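Pasting target28.txt here (compact mmCIF, C-alpha atoms and all ligand atoms):
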```txt
# COMPACT_ATOMS: atom_id res chain seq x y z
CA LEU P 18 -18.92 -3.88 -24.49
CA GLN P 19 -22.66 -3.60 -23.78
CA ASN P 20 -23.37 -6.11 -26.54
CA TYR P 21 -20.48 -8.24 -25.37
CA PHE P 22 -21.83 -8.58 -21.83
CA LYS P 23 -25.50 -8.77 -22.86
CA ASN P 24 -24.64 -11.67 -25.17
CA ASN P 25 -22.63 -13.34 -22.39
CA GLY P 26 -19.41 -12.89 -24.35
CA HIS P 27 -17.56 -12.62 -21.05
CA LEU P 28 -18.36 -16.27 -20.30
CA GLN P 29 -15.82 -17.08 -23.02
CA GLY P 30 -13.49 -14.32 -21.79
CA SER P 31 -10.64 -14.39 -19.30
CA GLY P 32 -11.14 -15.26 -15.63
CA LEU P 33 -10.30 -11.64 -14.84
CA VAL P 34 -13.19 -10.24 -16.92
CA GLN P 35 -15.64 -12.84 -15.59
CA GLN P 36 -14.75 -12.33 -11.94
CA GLN P 37 -14.70 -8.57 -12.24
CA HIS P 38 -18.14 -8.53 -13.85
CA ASP P 39 -19.60 -10.92 -11.23
CA ARG P 40 -18.11 -8.81 -8.47
CA PHE P 41 -19.63 -5.55 -9.74
CA ILE P 42 -23.05 -7.19 -10.07
CA ARG P 43 -22.72 -8.77 -6.60
CA LEU P 44 -21.86 -5.38 -5.12
CA GLY P 45 -25.03 -3.95 -6.68
CA TYR P 46 -23.49 -1.75 -9.40
CA PRO P 47 -26.01 -0.76 -12.10
CA VAL P 48 -25.31 -3.04 -15.08
CA GLN P 49 -24.50 -0.04 -17.30
CA ASP P 50 -21.73 0.94 -14.87
CA ALA P 51 -20.42 -2.63 -14.70
CA TYR P 52 -20.06 -2.56 -18.49
CA GLY P 53 -18.59 0.93 -18.49
CA LEU P 54 -15.97 0.13 -15.87
CA GLU P 55 -14.60 -2.55 -18.15
CA VAL P 56 -13.61 0.20 -20.61
CA GLY P 57 -11.37 1.73 -17.94
CA HIS P 58 -9.83 -1.61 -17.06
CA GLY P 59 -9.17 -2.50 -20.68
CA LEU P 60 -7.47 0.85 -21.17
CA ALA P 61 -5.42 0.53 -17.99
CA ILE P 62 -4.23 -2.97 -18.72
CA LEU P 63 -3.46 -2.72 -22.42
CA THR P 64 -2.94 0.81 -23.71
CA ASN P 65 0.24 1.56 -21.81
CA THR P 66 1.72 -1.90 -21.43
CA VAL P 67 2.20 -2.53 -25.14
CA PRO P 68 3.96 0.77 -25.97
CA ALA P 69 6.02 0.50 -22.75
CA ALA P 70 7.27 -2.90 -23.95
CA PHE P 71 7.94 -1.50 -27.45
CA TRP P 72 10.05 1.46 -26.21
CA PHE P 73 11.92 -0.66 -23.69
CA VAL P 74 12.93 -3.21 -26.33
CA LEU P 75 13.96 -0.42 -28.71
CA ARG P 76 15.91 1.59 -26.14
CA ILE P 77 17.82 -1.43 -24.81
CA PHE P 78 18.67 -3.01 -28.16
CA ALA P 79 19.65 0.37 -29.63
CA GLN P 80 22.37 0.84 -26.98
CA PRO P 81 24.89 -2.02 -27.13
CA GLY P 82 26.56 -0.96 -23.85
CA VAL P 83 23.25 -1.07 -21.96
CA LEU P 84 22.24 -4.30 -23.71
CA ASP P 85 25.48 -6.04 -22.72
CA ALA P 86 25.24 -4.85 -19.09
CA CYS P 87 21.60 -6.01 -18.82
CA HIS P 88 22.35 -9.31 -20.54
CA GLU P 89 25.17 -10.04 -18.10
CA GLU P 90 22.95 -9.13 -15.14
CA VAL P 91 20.10 -11.37 -16.32
CA LEU P 92 22.40 -14.26 -17.20
CA ALA P 93 23.45 -14.45 -13.55
CA HIS P 94 19.92 -15.65 -12.75
CA VAL P 95 19.74 -18.36 -15.38
CA THR P 96 20.61 -21.96 -14.49
CA SER P 97 21.19 -24.78 -16.97
CA SER P 98 20.28 -28.43 -16.55
CA GLU P 99 19.70 -31.56 -18.61
CA ASP P 100 17.23 -34.38 -18.08
CA LEU P 101 17.90 -38.11 -18.57
CA ASP P 102 16.90 -37.92 -22.25
CA GLY P 103 19.52 -35.25 -22.80
CA THR P 104 16.98 -32.41 -23.21
CA LYS P 105 18.61 -29.13 -22.26
CA PHE P 106 16.75 -26.80 -19.92
CA ARG P 107 17.49 -23.22 -18.96
CA THR P 108 15.62 -21.73 -16.02
CA LEU P 109 15.16 -18.01 -15.45
CA ASP P 110 14.26 -16.84 -11.97
CA VAL P 111 11.79 -14.06 -12.76
CA ALA P 112 11.75 -12.81 -9.15
CA LYS P 113 15.42 -11.85 -9.49
CA LEU P 114 14.72 -9.68 -12.52
CA LYS P 115 12.72 -7.41 -10.28
CA THR P 116 14.93 -7.29 -7.23
CA SER P 117 18.49 -8.16 -8.30
CA CYS P 118 18.97 -6.56 -11.72
CA PRO P 119 19.42 -2.84 -10.90
CA ILE P 120 20.71 -1.91 -14.36
CA LEU P 121 17.73 -3.57 -16.09
CA LEU P 122 15.28 -1.85 -13.75
CA ALA P 123 17.04 1.50 -14.23
CA ALA P 124 16.79 1.06 -18.01
CA PHE P 125 13.04 0.41 -17.67
CA LYS P 126 12.50 3.50 -15.53
CA GLU P 127 14.61 5.61 -17.87
CA THR P 128 12.49 4.37 -20.80
CA LEU P 129 9.32 5.33 -18.94
CA ARG P 130 10.77 8.71 -17.93
CA LEU P 131 11.38 9.59 -21.58
CA HIS P 132 8.17 8.14 -23.02
CA THR P 133 5.48 8.97 -20.42
CA ARG P 134 3.10 11.77 -21.39
CA GLY P 135 0.44 11.38 -18.69
CA SER P 136 -1.16 14.09 -16.60
CA GLY P 137 -2.45 13.54 -13.09
CA ALA P 138 -5.65 15.47 -12.32
CA ARG P 139 -7.04 16.30 -8.91
CA LYS P 140 -10.07 18.27 -7.78
CA VAL P 141 -9.40 20.81 -5.04
CA MET P 142 -11.70 19.97 -2.11
CA GLU P 143 -11.06 23.15 -0.11
CA ASP P 144 -9.07 26.36 -0.56
CA HIS P 145 -5.39 25.58 0.01
CA LEU P 146 -2.27 27.74 -0.12
CA LEU P 147 0.38 25.53 -1.69
CA ASP P 148 3.98 26.18 -0.75
CA GLY P 149 2.90 29.54 0.74
CA LYS P 150 2.60 30.88 -2.83
CA TYR P 151 -0.15 29.30 -4.88
CA LEU P 152 -3.79 29.55 -3.88
CA LEU P 153 -5.68 26.45 -5.03
CA LYS P 154 -9.36 27.35 -5.04
CA LYS P 155 -12.04 24.89 -3.90
CA ASP P 156 -13.64 22.99 -6.83
CA ALA P 157 -10.85 23.89 -9.27
CA PHE P 158 -8.87 21.16 -11.00
CA VAL P 159 -5.12 20.82 -10.74
CA VAL P 160 -3.52 19.15 -13.75
CA MET P 161 0.00 17.82 -13.32
CA PRO P 162 1.74 16.68 -16.52
CA SER P 163 4.53 14.25 -15.69
CA THR P 164 6.65 15.78 -18.46
CA VAL P 165 7.24 18.81 -16.21
CA GLN P 166 9.17 16.68 -13.72
CA HIS P 167 10.55 14.21 -16.24
CA PHE P 168 12.24 16.86 -18.39
CA ASP P 169 13.43 19.29 -15.74
CA PRO P 170 17.22 19.79 -16.20
CA GLU P 171 17.51 20.96 -12.60
CA LEU P 172 16.36 17.51 -11.47
CA TRP P 173 18.05 15.29 -14.06
CA GLY P 174 20.97 17.29 -15.40
CA SER P 175 21.70 18.92 -18.74
CA ASP P 176 21.37 15.53 -20.54
CA VAL P 177 17.69 15.34 -19.53
CA ASN P 178 16.61 14.53 -23.12
CA ASP P 179 19.04 11.63 -23.51
CA PHE P 180 18.47 7.98 -22.61
CA ASP P 181 21.04 7.46 -19.87
CA ILE P 182 20.52 4.79 -17.23
CA SER P 183 22.70 6.64 -14.77
CA HIS P 184 19.66 8.88 -14.20
CA PHE P 185 18.43 5.90 -12.14
CA TYR P 186 21.52 3.78 -11.54
CA SER P 187 24.60 4.57 -9.49
CA PRO P 188 27.32 1.92 -9.59
CA PRO P 189 28.42 0.63 -6.15
CA SER P 190 31.43 2.60 -4.87
CA LYS P 191 34.10 -0.04 -5.65
CA SER P 192 32.59 -1.03 -8.99
CA SER P 193 34.55 -0.60 -12.20
CA SER P 194 31.30 0.18 -14.03
CA SER P 195 31.54 2.71 -16.82
CA TYR P 196 28.32 4.39 -15.70
CA THR P 197 28.63 7.83 -14.15
CA LYS P 198 27.91 8.19 -10.48
CA ARG P 199 25.55 11.07 -9.96
CA VAL P 200 23.34 12.41 -7.24
CA LYS P 201 19.99 10.66 -7.49
CA PRO P 202 17.08 13.05 -7.94
CA ASN P 203 14.26 13.13 -5.45
CA PRO P 204 12.27 9.91 -6.11
CA VAL P 205 9.05 11.84 -6.67
CA SER P 206 10.62 13.33 -9.80
CA PHE P 207 9.63 10.06 -11.51
CA ARG P 208 5.83 9.94 -11.90
CA SER P 209 5.11 7.51 -14.73
CA PHE P 210 2.70 5.61 -12.49
CA GLY P 211 1.12 8.70 -10.96
CA GLY P 212 1.07 8.84 -7.20
CA GLY P 213 -0.81 9.17 -3.95
CA ALA P 214 -4.17 7.48 -3.43
CA THR P 215 -4.58 6.62 -7.11
CA LEU P 216 -1.01 5.42 -7.69
CA CYS P 217 -1.17 2.81 -10.47
CA PRO P 218 -1.92 -0.55 -8.81
CA GLY P 219 -0.75 -2.37 -11.98
CA ARG P 220 2.83 -1.08 -11.81
CA HIS P 221 4.33 -4.28 -10.37
CA PHE P 222 2.33 -6.40 -12.78
CA VAL P 223 3.50 -4.47 -15.84
CA THR P 224 7.09 -4.31 -14.62
CA THR P 225 7.18 -8.10 -14.23
CA GLU P 226 5.62 -8.60 -17.66
CA VAL P 227 7.88 -6.20 -19.53
CA LEU P 228 11.14 -7.12 -17.75
CA THR P 229 10.47 -10.79 -18.46
CA LEU P 230 9.74 -10.13 -22.14
CA VAL P 231 12.93 -8.11 -22.59
CA ALA P 232 15.03 -10.60 -20.61
CA MET P 233 13.85 -13.46 -22.81
CA LEU P 234 14.52 -11.49 -26.00
CA MET P 235 18.05 -10.70 -24.80
CA LEU P 236 18.75 -14.26 -23.73
CA ARG P 237 17.45 -15.92 -26.89
CA PHE P 238 17.99 -13.52 -29.78
CA THR P 239 20.09 -10.80 -31.29
CA MET P 240 18.21 -7.99 -32.99
CA ASN P 241 19.38 -5.46 -35.57
CA PRO P 242 17.58 -2.73 -37.50
CA VAL P 243 16.87 -3.58 -41.13
CA SER P 244 17.72 0.03 -42.10
CA GLY P 245 21.25 -0.39 -40.69
CA SER P 246 20.90 2.08 -37.82
CA TRP P 247 18.50 2.52 -34.95
CA ALA P 248 16.17 5.53 -35.03
CA ILE P 249 13.60 6.61 -32.44
CA PRO P 250 10.20 7.00 -34.20
CA THR P 251 7.96 10.02 -33.66
CA THR P 252 4.64 9.83 -31.74
CA GLU P 253 2.63 12.62 -33.42
CA LYS P 254 -0.30 10.33 -34.31
CA ALA P 255 -0.87 9.08 -30.76
CA SER P 256 -4.16 9.78 -29.00
CA SER P 257 -3.89 12.21 -26.09
CA MET P 258 -5.66 9.60 -23.91
CA VAL P 259 -2.64 7.36 -23.64
CA ILE P 260 0.03 7.79 -21.00
CA ILE P 261 2.70 6.16 -23.15
CA PRO P 262 2.21 7.10 -26.81
CA PRO P 263 2.87 4.33 -29.32
CA PRO P 264 5.23 4.99 -32.29
CA ASP P 265 3.89 6.46 -35.54
CA GLU P 266 5.72 3.89 -37.63
CA ASP P 267 6.92 0.31 -37.21
CA VAL P 268 10.62 -0.30 -36.71
CA GLU P 269 11.73 -3.19 -38.87
CA VAL P 270 14.25 -5.50 -37.28
CA GLU P 271 16.07 -8.69 -38.10
CA ILE P 272 16.00 -11.21 -35.28
CA THR P 273 18.47 -14.09 -35.08
CA ARG P 274 18.40 -16.92 -32.57
CA ARG P 275 21.51 -17.08 -30.38
CA LYS P 276 23.58 -20.26 -30.74
CA GLU P 277 23.20 -21.09 -27.06
CA ASP P 278 19.39 -21.04 -27.44
CA GLU P 279 19.26 -23.87 -29.96
CA GLY P 280 17.51 -27.01 -28.69
CA VAL P 281 16.82 -25.42 -25.29
CA LYS P 282 13.57 -25.66 -23.34
CA TRP P 283 12.89 -22.67 -21.11
CA VAL P 284 11.44 -22.80 -17.62
CA TRP P 285 10.41 -19.76 -15.58
CA SER P 286 10.66 -19.95 -11.82
CA LEU P 287 9.55 -17.48 -9.18
CA SER P 288 11.77 -17.86 -6.15
CA GLY P 289 9.73 -15.37 -4.15
CA SER P 290 11.00 -12.31 -2.43
CA ASP P 291 9.86 -10.08 0.36
CA LYS P 292 11.56 -7.15 -1.36
CA PRO P 293 9.16 -5.02 -3.44
CA ILE P 294 10.14 -3.77 -6.89
CA GLU P 295 11.42 -0.26 -6.43
CA ILE P 296 9.43 1.26 -9.25
CA ALA P 297 7.66 4.29 -7.77
CA ALA P 298 8.71 6.62 -4.98
CA GLU P 299 6.03 5.05 -2.80
CA ASP P 300 7.79 1.65 -3.12
CA LEU P 301 11.10 2.89 -1.74
CA SER P 302 11.57 2.26 1.92
CA GLY P 303 13.68 4.44 4.15
CA ILE P 304 13.68 7.35 1.73
CA GLU P 305 12.49 10.62 3.09
CA MET P 306 10.48 12.48 0.54
CA GLU P 307 11.10 16.17 0.27
CA LYS P 308 8.03 18.26 0.88
C1 LIG P 401 3.51 0.96 -18.33
C2 LIG P 401 2.24 0.71 -18.04
C3 LIG P 401 1.38 1.56 -17.17
C4 LIG P 401 1.49 2.90 -16.88
C5 LIG P 401 2.53 3.91 -17.38
C6 LIG P 401 0.41 3.22 -15.97
C7 LIG P 401 0.20 4.47 -15.44
C8 LIG P 401 -0.88 4.81 -14.64
C9 LIG P 401 -1.15 6.14 -14.14
C10 LIG P 401 -0.29 7.37 -14.39
C11 LIG P 401 -2.29 6.07 -13.42
C12 LIG P 401 -3.02 7.23 -12.73
C13 LIG P 401 -2.48 7.42 -11.35
C14 LIG P 401 -2.96 8.72 -10.74
O1 LIG P 401 -3.96 9.29 -11.15
O2 LIG P 401 -2.29 9.14 -9.82
C15 LIG P 401 -2.75 4.71 -13.45
C16 LIG P 401 -3.88 4.24 -12.82
C17 LIG P 401 -4.33 2.95 -12.88
N1 LIG P 401 -3.69 1.88 -13.46
FE1 LIG P 401 -1.95 1.94 -14.51
N2 LIG P 401 -0.32 2.08 -15.71
C18 LIG P 401 0.24 1.04 -16.42
C19 LIG P 401 -0.17 -0.27 -16.42
C20 LIG P 401 -1.25 -0.76 -15.73
C21 LIG P 401 -1.66 -2.15 -15.68
C22 LIG P 401 -0.91 -3.30 -16.35
C23 LIG P 401 -2.77 -2.23 -14.92
C24 LIG P 401 -3.60 -3.42 -14.49
C25 LIG P 401 -3.14 -4.65 -14.47
C26 LIG P 401 -3.07 -0.88 -14.48
C27 LIG P 401 -4.16 -0.53 -13.69
C28 LIG P 401 -4.45 0.75 -13.28
C29 LIG P 401 -5.66 1.12 -12.54
C30 LIG P 401 -6.80 0.17 -12.12
C31 LIG P 401 -5.58 2.50 -12.28
C32 LIG P 401 -6.59 3.37 -11.50
C33 LIG P 401 -6.13 3.52 -10.07
C34 LIG P 401 -7.09 4.37 -9.22
O3 LIG P 401 -7.74 5.28 -9.74
O4 LIG P 401 -7.13 4.13 -7.99
N3 LIG P 401 -2.13 -0.02 -14.97
N4 LIG P 401 -1.88 3.95 -14.19
```
What does the file become when written as C-alpha cells?
Ligand code: HEM
Amino acid sequence: LQNYFKNNGHLQGSGLVQQQHDRFIRLGYPVQDAYGLEVGHGLAILTNTVPAAFWFVLRIFAQPGVLDACHEEVLAHVTSSEDLDGTKFRTLDVAKLKTSCPILLAAFKETLRLHTRGSGARKVMEDHLLDGKYLLKKDAFVVMPSTVQHFDPELWGSDVNDFDISHFYSPPSKSSSSYTKRVKPNPVSFRSFGGGATLCPGRHFVTTEVLTLVAMLMLRFTMNPVSGSWAIPTTEKASSMVIIPPPDEDVEVEITRRKEDEGVKWVWSLSGSDKPIEIAAEDLSGIEMEK
C-alpha cells in the first residue's frame, strides 16, 4: 500500500479510496498512518463480506423450504413491465428486501450466527466489579468471543448447532407458516457485528449488498450441487484474523437460468424507507435490553 499511494495508484482507484486518503492528509495524519489505515478499511470491507455472501448463498440454496419461503417473499417486491418495443423489464425494490422480507433477513442473521468467529476486545480503563462477581482490573483486556453467545443452548435452544431460521423469525400469530414459534432470545445474544461504540458501521451496507445478491440469484437461477447433495465445507484453513472464515474447499454447483428470466432486463429501485434494517440489537427500537 505504501508503494501504491507513493506511486499515486489511488488516483486510478475508487472514489472511496481517493476521498479517504485526501481526508486523512487534510486532517494532518502522518502519511504512514494514512497508508496504514487503508489496510484496516480493506480488511473491514472485503474480508467478511465475501465469505458472508458465500455462506448465505449455500445455506439458503441447501434448504429448499427456506429457499421457497424467501423466493416468495422477494417475488412480492418485483414488478413486471414492458416498453413499446416489447422489451420485458422486471424491477426489484431493494429497500423492501431490508424492511419487508423478515424470513430473508432471519436467514441472513442465522447464517451469520453460525459462521461468525470474531472476538470483541476491550481495555479496562478502571477497576470494575462486573455483575457483582467478576473484578475487571484496570489496564487488563477483556476478550469476548461471539461464539460464546452464538452457541449457548440456554439462549437458542438445544438445536443451537443447526441452521434454523426460527431462531430469528416468529411467524405472525394467525399465519399458517410451518416455522416454529419460539421465544426470541435477548437481542444482544447476536453479536456478529460487535457492539457498543465500535459497532460495525458497515452492517447496513453489507446487508444490502448480500441480500440483493441472494435475491437476484433466487429470482434468476436454480442452483444444485454437482456432487448430488449439499455439504457444509470445513473452515480449518482460515486465518484467525477473519470474523467470518471462508470455506476450505470450493462447492461446485450447476446453475440454470429460470424460464421466467429469459429475455428480461432487470432494474433495481430504492423506494426509500425510514425504517432501519433490524440487524444488530442496537438497531431495534422499543426493545429493552437486559442488563
Ligand atoms: C458480514 C460482514 C461484516 C462483519 C461480520 C463485520 C463485523 C465487524 C465487527 C465484529 C466489528 C468490530 C466491532 C467491535 O469491536 O465491537 C467491525 C468493525 C468495523 N467494520 Fe465491519 N463487518 C462486516 C462488514 C463491514 C463492511 C462492509 C464495512 C465497510 C463498508 C465495515 C466496516 C467496519 C469498520 C470501519 C469497523 C471499525 C469500527 C470502529 O472501530 O469504530 N464492516 N465489523
Could you tell me how far CA of Pro204 in chain P sits from atom C15 of ligand LIG 401 (chain P), in Å to one decimal place? 17.5 Å
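Every protein or nucleic acid residue with an atom no more than 8 Å from range 159-169 of chain P, counting only C-alpha atoms and leaving out same-chain residues fewer than 5 positions away, appears here: P:Arg130, P:Leu131, P:Thr133, P:Arg134, P:Gly135, P:Ser136, P:Gly137, P:Ala138, P:Arg139, P:Lys140, P:Val141, P:Gly174, P:Val177, P:Asn178, P:Ser206, P:Phe207, P:Arg208, P:Ser209.
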With the cut-off set at 7 Å and counting all atoms listed in the file, tabulate each residue of chain P with an atom at most that distance from an atom of ligand LIG 401 (chain P), showing the nearest atom pair and its distance in Å to one decimal, ordered by chain and increasing number, as a Markdown table.
```
| residue | atom | partner | partner_atom | distance |
| --- | --- | --- | --- | --- |
| P:His58 | CA | P:LIG401 | C30 | 6.1 |
| P:Ala61 | CA | P:LIG401 | C26 | 4.5 |
| P:Ile62 | CA | P:LIG401 | C21 | 4.1 |
| P:Leu63 | CA | P:LIG401 | C22 | 6.6 |
| P:Asn65 | CA | P:LIG401 | C2 | 4.4 |
| P:Thr66 | CA | P:LIG401 | C2 | 4.3 |
| P:Ala69 | CA | P:LIG401 | C1 | 5.1 |
| P:Thr133 | CA | P:LIG401 | C5 | 6.6 |
| P:Gly135 | CA | P:LIG401 | C10 | 5.9 |
| P:Gly137 | CA | P:LIG401 | O1 | 4.9 |
| P:Ala138 | CA | P:LIG401 | O1 | 6.5 |
| P:Ser209 | CA | P:LIG401 | C5 | 5.2 |
| P:Phe210 | CA | P:LIG401 | C10 | 4.0 |
| P:Gly211 | CA | P:LIG401 | O2 | 3.6 |
| P:Gly212 | CA | P:LIG401 | O2 | 4.3 |
| P:Gly213 | CA | P:LIG401 | O2 | 6.1 |
| P:Ala214 | CA | P:LIG401 | O4 | 6.4 |
| P:Thr215 | CA | P:LIG401 | O4 | 3.7 |
| P:Leu216 | CA | P:LIG401 | C13 | 4.4 |
| P:Cys217 | CA | P:LIG401 | C16 | 3.9 |
| P:Pro218 | CA | P:LIG401 | C28 | 5.3 |
| P:Gly219 | CA | P:LIG401 | C23 | 3.6 |
| P:Arg220 | CA | P:LIG401 | C19 | 5.6 |
| P:Phe222 | CA | P:LIG401 | C22 | 5.7 |
| P:Val223 | CA | P:LIG401 | C22 | 4.6 |
| P:Ile260 | CA | P:LIG401 | C5 | 5.9 |
| P:Ile261 | CA | P:LIG401 | C5 | 6.2 |
```
Could you please determine the separation between CA of Phe73 in chain P and CA of Glu279 in chain P in Å, to one decimal place?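 According to the coordinates, CA of Phe73 in chain P and CA of Glu279 in chain P are separated by 25.1 Å.
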Find the spatial neighbours of range 89-100 of chain P, counting all atoms listed in the file, within a cut-off of 9 Å - ignore same-chain residues fewer than 5 positions away - and output them as a list in words.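 Residues meeting the cut-off are Leu84, Lys105, Phe106, Arg107, Thr108, Leu109, Asp110, Val111, Lys113, Leu114, Ser117, Cys118, Pro119, Ile120, Leu121, Ala232, Met235 and Leu236 of chain P.
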I'd like the neighbourhood of Phe78 in chain P as a list in words, where a residue qualifies if any of its atoms comes within 10 Å (using only C-alpha atoms), though same-chain residues fewer than 2 positions away should be ignored. Trp72, Phe73, Val74, Leu75, Arg76, Gln80, Pro81, Gly82, Val83, Leu84, Asp85, Val231, Leu234, Met235, Thr239, Met240, Asn241, Pro242 and Trp247 of chain P
Could you list, as a count of residues only, every residue within 12 Å of Val56 in chain P, counting only C-alpha atoms and ignoring same-chain residues fewer than 5 positions away? 12
Hey, can you check how far CA of Val284 in chain P sits from CA of His221 in chain P?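 Calculated distance between CA of Val284 in chain P and CA of His221 in chain P is 21.1 Å.
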Pick from P:Asp267, P:Asp278, P:Glu299, P:Asp39, whichever lies nearest to Pro68 in chain P using only C-alpha atoms: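 That would be P:Asp267, the residue with the smallest distance to Pro68 in chain P.
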Counting all atoms listed in the file, what is within 6 Å of range 292-298 of chain P, bar same-chain residues fewer than 2 positions away, as a list of chain:residue names?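 Final neighbour list, sorted by chain and number: P:Lys115, P:Thr116, P:Pro204, P:Val205, P:Ser290, P:Asp300, P:Leu301.
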Have a look at P:Leu28, P:Leu228, P:Leu153, P:Met142 and name the one nearest to Phe125 in chain P; count only C-alpha atoms. P:Leu228
